[in-house]
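Data block below; observations after.
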Amino acid sequence: WIQGKSQGDPAKNESYYVQKISDAARRNARLVVLPELFLWDYFPIREDSREFESAIEISSPAVGRFRALARELGIVLVLPIFERRSAGLHHNSCLVIESTGEIAGHYRKVHIPDDPGFSEKYYFAPGDLGFVAVPSSAGSLGLLICWDQWFPEAARLTALKGAQIILYPTAIAWDDHEPESVRSDQLDAWVTLMRSHAIANGVFVMAVNRVGREGHLTFWGNSFLADPFGCVLARDAMDETVTVVDVDFSKLGRAREVWPFLRDRRVDQYSSILKLWDG
């Protein structure tokens with residue numbers, strides 16, 4: 001994965017990430033995952049209608065250049081984008097580009113936050129493609145994005161689609177308006193919840209965050225990979241990194257034999273989960 005820092009505009013970010021992706025390929029990475037909205041500053045920090053002008057279509061030249069890069073380097077590339085679907089309709093999306101350069105999968109972020117400094121509901125319509133597991137030459141890739149991290153239902157449904165690893169491109173930060181005393185608790189909760197998704201579903205989980213300071217937000221990095229037992233195999237700090245980790249998918253079978261949580265589900269008892277409240 002690449003834990004990167006925005007360079008200030010899409011053109012500079014494209015050059016920056018092309019170099020980082022090439023570095024990862026030289027280190028024999030087969031799968032490269034980028035942070036959420038990697039081509040942009042984190043523009044949902046405020047509401048500004050001018051930002052819609054920077055959205056791109058899947059057929060855009062920028063996506064085409066990354067498709068060509070994946071084909072040239074022989075890698076599977078997970079590409080999070082600000083997708084223009086049509087006039088007035090935009091999504092926070094993620095593409096899987098196969099090593100042939102073909103688009104193998106497409107996910108639109110389902111859970112859209114609306115907090116101070118994270119005004120995503122202003123920009124993004126909720127995803128309508130459902131939860132996906134994309135078959136690829138690097139394994140079956142579950143795609144979820146940032147705020148989706150906090151919802152166990154999303155991880156479970158993605159695992160049931162057949163994902164071997166759930167990928168969370170992310171842009172999560174500390175806000176200057178919050179007390180510094182809560183920072184370690186927020187970070188610990190973030191890591192703990194995703195480790196629990198790995199354990200409960202018998203899958204690998206990878207979260208890829210950005211770093212750096214943008215406005216009143218400090219992106220906390222800490223990108224990591226957890227195995228199906230919840231063990232953290234690698235974790236970054238708050239610097240710019242290209243991290244390459246070996247993944248042994250045979251652990252999935254071992255974890256699900258030791259902890260057969262999927263086997264022991266009682267789907268006949270879960271109808272109330274379709275209600276906002278049950279009480």
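Letters for chains follow the order of the structure tokens (A, B, ...), residue numbers begin at 1 for each chain, and ligand numbers begin at 1 in the order shown.
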
*Do a neighbour search on stretch 188-199 of chain A at 8 Å with only C-alpha atoms, toss out local chain neighbours closer than 5 positions, and write the hits as a PyMOL selection string.*
chain A and resi 149-150+152+155-156+204-205+226-232

*Determine which residues of stretch 177-271 of chain A receive a DSSP assignment of helix (DSSP H, G or I), computed from the backbone, and state them as a PyMOL selection string.*
chain A and resi 180-201+250-258+267-269+271

_A:Gly101, A:Gly88, A:Gly139, A:Pro10 ranked by distance to A:Ala68, top pick (using only C-alpha atoms)_ = A:Gly101

*Name all residues at most 6 Å from stretch 34-47 of chain A (count only C-alpha atoms; drop same-chain ones fewer than 2 positions away) and give them as a ChimeraX atom specification.*
/A:2,6,10,13,80-81,117-120,169-171,208-210

Selection export as a PDB file, in the first residue's frame, atoms kept: N, CA, C and O atoms:
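Output file again.pdb follows:
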```pdb
ATOM      1  N   ILE A   2       0.241   2.370  -0.344  1.00  0.00           N
ATOM      2  CA  ILE A   2       0.947   3.649  -0.362  1.00  0.00           C
ATOM      3  C   ILE A   2       0.243   4.597   0.601  1.00  0.00           C
ATOM      4  O   ILE A   2      -0.931   4.913   0.420  1.00  0.00           O
ATOM      5  N   SER A   6      -1.035  14.608   0.212  1.00  0.00           N
ATOM      6  CA  SER A   6      -1.458  15.419  -0.924  1.00  0.00           C
ATOM      7  C   SER A   6      -0.403  16.457  -1.265  1.00  0.00           C
ATOM      8  O   SER A   6       0.166  17.120  -0.383  1.00  0.00           O
ATOM      9  N   PRO A  10      -4.516  17.939  -8.343  1.00  0.00           N
ATOM     10  CA  PRO A  10      -4.578  16.625  -8.969  1.00  0.00           C
ATOM     11  C   PRO A  10      -3.386  16.281  -9.859  1.00  0.00           C
ATOM     12  O   PRO A  10      -2.917  15.136  -9.857  1.00  0.00           O
ATOM     13  N   ASN A  13      -0.488  15.415  -7.651  1.00  0.00           N
ATOM     14  CA  ASN A  13      -0.759  14.153  -6.971  1.00  0.00           C
ATOM     15  C   ASN A  13      -0.621  12.967  -7.917  1.00  0.00           C
ATOM     16  O   ASN A  13      -0.142  11.899  -7.525  1.00  0.00           O
ATOM     17  N   PRO A  80      -9.012   4.753  -5.853  1.00  0.00           N
ATOM     18  CA  PRO A  80     -10.164   5.482  -5.312  1.00  0.00           C
ATOM     19  C   PRO A  80     -10.321   6.839  -6.004  1.00  0.00           C
ATOM     20  O   PRO A  80      -9.369   7.613  -6.080  1.00  0.00           O
ATOM     21  N   ILE A  81     -11.532   7.132  -6.484  1.00  0.00           N
ATOM     22  CA  ILE A  81     -11.729   8.352  -7.266  1.00  0.00           C
ATOM     23  C   ILE A  81     -12.975   9.115  -6.818  1.00  0.00           C
ATOM     24  O   ILE A  81     -13.875   8.565  -6.188  1.00  0.00           O
ATOM     25  N   GLY A 117     -15.866  19.204   9.167  1.00  0.00           N
ATOM     26  CA  GLY A 117     -14.625  18.868   8.480  1.00  0.00           C
ATOM     27  C   GLY A 117     -14.743  17.678   7.557  1.00  0.00           C
ATOM     28  O   GLY A 117     -13.799  17.365   6.820  1.00  0.00           O
ATOM     29  N   PHE A 118     -15.885  16.996   7.555  1.00  0.00           N
ATOM     30  CA  PHE A 118     -16.094  15.816   6.707  1.00  0.00           C
ATOM     31  C   PHE A 118     -17.494  15.917   6.087  1.00  0.00           C
ATOM     32  O   PHE A 118     -18.360  15.085   6.333  1.00  0.00           O
ATOM     33  N   SER A 119     -17.685  16.928   5.254  1.00  0.00           N
ATOM     34  CA  SER A 119     -19.010  17.231   4.688  1.00  0.00           C
ATOM     35  C   SER A 119     -19.242  16.419   3.415  1.00  0.00           C
ATOM     36  O   SER A 119     -19.490  16.968   2.330  1.00  0.00           O
ATOM     37  N   GLU A 120     -19.208  15.112   3.552  1.00  0.00           N
ATOM     38  CA  GLU A 120     -19.261  14.266   2.357  1.00  0.00           C
ATOM     39  C   GLU A 120     -20.664  14.164   1.772  1.00  0.00           C
ATOM     40  O   GLU A 120     -20.813  13.932   0.573  1.00  0.00           O
ATOM     41  N   PRO A 169      -9.600   1.978   1.494  1.00  0.00           N
ATOM     42  CA  PRO A 169      -8.983   3.281   1.229  1.00  0.00           C
ATOM     43  C   PRO A 169      -9.615   4.331   2.139  1.00  0.00           C
ATOM     44  O   PRO A 169     -10.841   4.359   2.305  1.00  0.00           O
ATOM     45  N   THR A 170      -8.791   5.198   2.719  1.00  0.00           N
ATOM     46  CA  THR A 170      -9.222   5.992   3.867  1.00  0.00           C
ATOM     47  C   THR A 170      -8.661   7.403   3.820  1.00  0.00           C
ATOM     48  O   THR A 170      -7.558   7.629   3.332  1.00  0.00           O
ATOM     49  N   ALA A 171      -9.448   8.347   4.348  1.00  0.00           N
ATOM     50  CA  ALA A 171      -8.951   9.692   4.658  1.00  0.00           C
ATOM     51  C   ALA A 171      -9.536  10.056   6.012  1.00  0.00           C
ATOM     52  O   ALA A 171     -10.637  10.610   6.090  1.00  0.00           O
ATOM     53  N   VAL A 208      -5.789   1.862   4.360  1.00  0.00           N
ATOM     54  CA  VAL A 208      -4.744   2.699   3.756  1.00  0.00           C
ATOM     55  C   VAL A 208      -5.161   4.157   3.881  1.00  0.00           C
ATOM     56  O   VAL A 208      -6.071   4.624   3.194  1.00  0.00           O
ATOM     57  N   ASN A 209      -4.503   4.869   4.779  1.00  0.00           N
ATOM     58  CA  ASN A 209      -4.841   6.259   5.092  1.00  0.00           C
ATOM     59  C   ASN A 209      -3.833   7.218   4.461  1.00  0.00           C
ATOM     60  O   ASN A 209      -2.742   6.800   4.049  1.00  0.00           O
ATOM     61  N   ARG A 210      -4.184   8.476   4.395  1.00  0.00           N
ATOM     62  CA  ARG A 210      -3.240   9.502   3.977  1.00  0.00           C
ATOM     63  C   ARG A 210      -2.589  10.128   5.212  1.00  0.00           C
ATOM     64  O   ARG A 210      -3.015   9.873   6.355  1.00  0.00           O
TER      65      ARG A 210
END
```

*Which is closer to A:Gly64 than all the others in A:Ile103, A:Ala138, A:Ala200, A:Ala173, using only C-alpha atoms?*
A:Ile103
